[in-house]
Every structure is written in C-alpha cells, then in structure tokens.
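What follows is a short report on a single structure.
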Amino acid sequence: MDGKGFFIDLTKCHACRGCQVACKQWHKLPAEDTRNWGSFQNPKDLSFITYKLVRMEEVVENGKIKDWLFFPDQCRHCFDPPCKMVGDMDDEQAVLQDDRTGAVLFTSRTKNLFPDEIKGSCPYDIPRADQNSGLISKCDMCFDRVMNDRLPACVLACPTGTMHFGDMDEMKELAEKRLAEARKIYPEAVLGDPRAVRVIYLFQTSPSKFYHSAVASLHGPRRFTRKEAFARVFKNRRPLV
C-alpha cells in the first residue's frame, strides 16, 4: 500500500494536548476564544483555525466518573475522499490528493465550493469553513514537513507513544500488532476503518463511546440521490476565481 499514514493508539493517550498545541504552532493558527462549557475539553469543537482537537468523554457509572476516553480528532485522509468527490463537481482544483503521500489537501480554491456540502460529505465531520472568506480548512498532514522528510508536528510532540507516522504498510502492520496486544487487556479493542483511511485509530472500547463520528459507520457521509447528482452537475455554477 503506497503513501503515508498515521497510527494513533488511544490506549496510550493521556490528553496532554501536546499534539493539539503543536498543530497550532506549526500552522501559525490563532487561539480560539474559549469558554467554560462544563468539560476539560477546549475548544468545544474543530474550527477553521483548529485542525486538531483532543476530545474528552467521561465514563460515568452510579454518578461517579469511572474512566476517561481521549480522542485526538483530525482529518482521516481517506483513500477515496468524499470531500474531493463532491468538491470536484464545482472546481477540480479546490481539493487535491497528493500522489506520493495520499494527503488530502484543501486549496484557496475551496472558496468556489459549497461549505455545507463539503462538511456534509465527510463521514468524520471534519471540514470547517471561514464565514468571512468562504475558505474551507482541515488537517493537511503537515504536508510541507512530510515532503521534507520530517514528522508531522503532532507526532513529533507526542510524549506517550500515542501518535505514529510513516509508510502506510508499516502503520497498518503496527496497528494490527498493537490490536493483538491491546485485546489481552481490552477485549473490545478495535481498529477504526483501517481499510478506508490513512489515520488508523486503536480504540480500547466501542468507538461510539469516544465521539459520534469516530468511525464512518457512526455518522455516514452525505449521499446524493441520482436526481440530485444530475442537478448538481448541470446547474448554473458559481464563477470560478
């Protein structure tokens, strides 16, 4: 299997948020205007200026916190990205997929797209738009770093061995090895969509307990009917700039 990928071992994540901060620093993204909303997780969601977010879920039993589930959320860089399929209806240069790495890249031409359609097409609820510029953004796999043989910023910053990055074949092999080891302690452990994405998560329990879009089957992409697809292809499109 060609290209690059991540393996994210959630059994080792302590929610230090080093990956989240490193992503901000490398991409020179401004801080969010955060608020106390009743959770240690902050900000509350991904945004146009937050590509990586450590989501936190409390496991409560009998009114007491039994466990914490930590989930460093980011673009999965799908092998066949629905966002690109939908974006290509309006501008084939807006969403690109790099041949060497497999990275799915959003360009400045995303302003020619319909943000709700792009976000709705993603089974992982990832892309976010800027209301002022119309641009759409997400994790870019630290493409500039990877093309210069450097690790993505989030992987470099991880102190616990949660984040891994390398050739896709190696990541898949590592994921299968860690799954076998983890199941000795966590019988419900599973890998998240390993045959469809370049970001493979090891969940120690059901993915649905981590986040409603942790795996594709929980959320599901926006599907166009045959009638809608033809309407999109032949409608009066907005001018490309």
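Chain labels follow the order of the structure tokens: the first chain is A, the next B, and so on; residue numbering restarts at 1 in every chain, and ligands are counted from 1 in their shown order.
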| DSSP alpha helix (DSSP H) residues within segment 1-193 of chain A, listed as an MDAnalysis selection string | chainID A and resid 18:27 82:87 115:121 143:146 153:157 168:182
| field | Selection: 8 Å around Thr101 of chain A, only C-alpha atoms, excl. self and same-chain fewer than 6 positions, as a PyMOL selection string | value | chain A and resi 2-5
Dump of C-alpha atoms for the selected residues, as a short mmCIF file (atom, residue, chain, number, x, y, z; two decimals), in the first residue's frame:
```
data_model
loop_
_atom_site.label_atom_id
_atom_site.label_comp_id
_atom_site.auth_asym_id
_atom_site.auth_seq_id
_atom_site.Cartn_x
_atom_site.Cartn_y
_atom_site.Cartn_z
CA ASP A 2 1.55 3.29 -1.12
CA GLY A 3 1.69 6.63 0.63
CA LYS A 4 1.93 7.76 4.21
CA GLY A 5 -0.33 7.36 7.21
#
```
| request: Can you work out the spacing between atom CA of Pro194 of chain A and atom CA of Ile49 of chain A in Å, to one decimal? | output: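 Atom CA of Ile49 of chain A lies at a distance of 27.4 Å from atom CA of Pro194 of chain A.
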| field | Residue list (strand (DSSP E), DSSP) for chain A, as a PyMOL selection string | value | chain A and resi 4-9+53-61+64-73+95-97+104-106+128-129+136-137+163-167+190-191+199-203
Those same residues - C-alpha atoms - I'd like them written as a PDB file, in the first residue's frame.
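Saved to part.pdb:
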```
ATOM      1  CA  LYS A   4       1.926   7.757   4.213  1.00  0.00           C
ATOM      2  CA  GLY A   5      -0.329   7.357   7.206  1.00  0.00           C
ATOM      3  CA  PHE A   6      -0.853   7.695  10.943  1.00  0.00           C
ATOM      4  CA  PHE A   7      -1.437   5.114  13.643  1.00  0.00           C
ATOM      5  CA  ILE A   8      -2.987   6.609  16.793  1.00  0.00           C
ATOM      6  CA  ASP A   9      -3.001   4.311  19.819  1.00  0.00           C
ATOM      7  CA  LEU A  53      -8.685  18.585  18.854  1.00  0.00           C
ATOM      8  CA  VAL A  54      -8.343  16.171  21.752  1.00  0.00           C
ATOM      9  CA  ARG A  55     -11.940  15.217  22.523  1.00  0.00           C
ATOM     10  CA  MET A  56     -12.738  14.027  26.056  1.00  0.00           C
ATOM     11  CA  GLU A  57     -15.569  11.822  27.231  1.00  0.00           C
ATOM     12  CA  GLU A  58     -16.326  10.939  30.850  1.00  0.00           C
ATOM     13  CA  VAL A  59     -17.457   7.375  31.524  1.00  0.00           C
ATOM     14  CA  VAL A  60     -19.906   7.728  34.419  1.00  0.00           C
ATOM     15  CA  GLU A  61     -21.368   4.899  36.476  1.00  0.00           C
ATOM     16  CA  LYS A  64     -19.182   8.701  39.579  1.00  0.00           C
ATOM     17  CA  ILE A  65     -16.511   9.044  36.882  1.00  0.00           C
ATOM     18  CA  LYS A  66     -15.213   5.555  36.182  1.00  0.00           C
ATOM     19  CA  ASP A  67     -12.932   6.329  33.249  1.00  0.00           C
ATOM     20  CA  TRP A  68     -11.897   8.942  30.670  1.00  0.00           C
ATOM     21  CA  LEU A  69     -11.814   8.397  26.911  1.00  0.00           C
ATOM     22  CA  PHE A  70      -9.449  10.665  24.972  1.00  0.00           C
ATOM     23  CA  PHE A  71      -9.673  11.062  21.207  1.00  0.00           C
ATOM     24  CA  PRO A  72      -7.237  13.270  19.198  1.00  0.00           C
ATOM     25  CA  ASP A  73      -9.566  14.102  16.300  1.00  0.00           C
ATOM     26  CA  VAL A  95      -9.494  19.689  -3.142  1.00  0.00           C
ATOM     27  CA  LEU A  96      -6.394  17.790  -4.189  1.00  0.00           C
ATOM     28  CA  GLN A  97      -4.947  14.409  -3.279  1.00  0.00           C
ATOM     29  CA  VAL A 104      -5.961  15.286   1.023  1.00  0.00           C
ATOM     30  CA  LEU A 105      -5.268  18.995   0.626  1.00  0.00           C
ATOM     31  CA  PHE A 106      -7.672  21.940   0.630  1.00  0.00           C
ATOM     32  CA  ARG A 128     -14.774  23.727   8.641  1.00  0.00           C
ATOM     33  CA  ALA A 129     -15.390  26.979   6.742  1.00  0.00           C
ATOM     34  CA  ILE A 136     -12.575  25.638   3.970  1.00  0.00           C
ATOM     35  CA  SER A 137      -9.800  24.113   6.078  1.00  0.00           C
ATOM     36  CA  MET A 163       0.971   9.143  17.703  1.00  0.00           C
ATOM     37  CA  HIS A 164       2.877   7.327  14.936  1.00  0.00           C
ATOM     38  CA  PHE A 165       3.539   8.246  11.300  1.00  0.00           C
ATOM     39  CA  GLY A 166       5.231   6.513   8.390  1.00  0.00           C
ATOM     40  CA  ASP A 167       4.707   4.399   5.299  1.00  0.00           C
ATOM     41  CA  VAL A 190     -10.919  -2.417  17.539  1.00  0.00           C
ATOM     42  CA  LEU A 191      -9.238  -0.501  14.733  1.00  0.00           C
ATOM     43  CA  VAL A 199      -5.331   7.667  10.021  1.00  0.00           C
ATOM     44  CA  ILE A 200      -5.916   4.390  11.857  1.00  0.00           C
ATOM     45  CA  TYR A 201      -7.102   4.627  15.458  1.00  0.00           C
ATOM     46  CA  LEU A 202      -6.879   1.849  18.030  1.00  0.00           C
ATOM     47  CA  PHE A 203      -9.974   2.128  20.251  1.00  0.00           C
TER      48      PHE A 203
END
```
| request: Report the distance between atom CA of Cys19 of chain A and atom CA of Gln93 of chain A in Å, rounded to one decimal place. | output: 29.3 Å
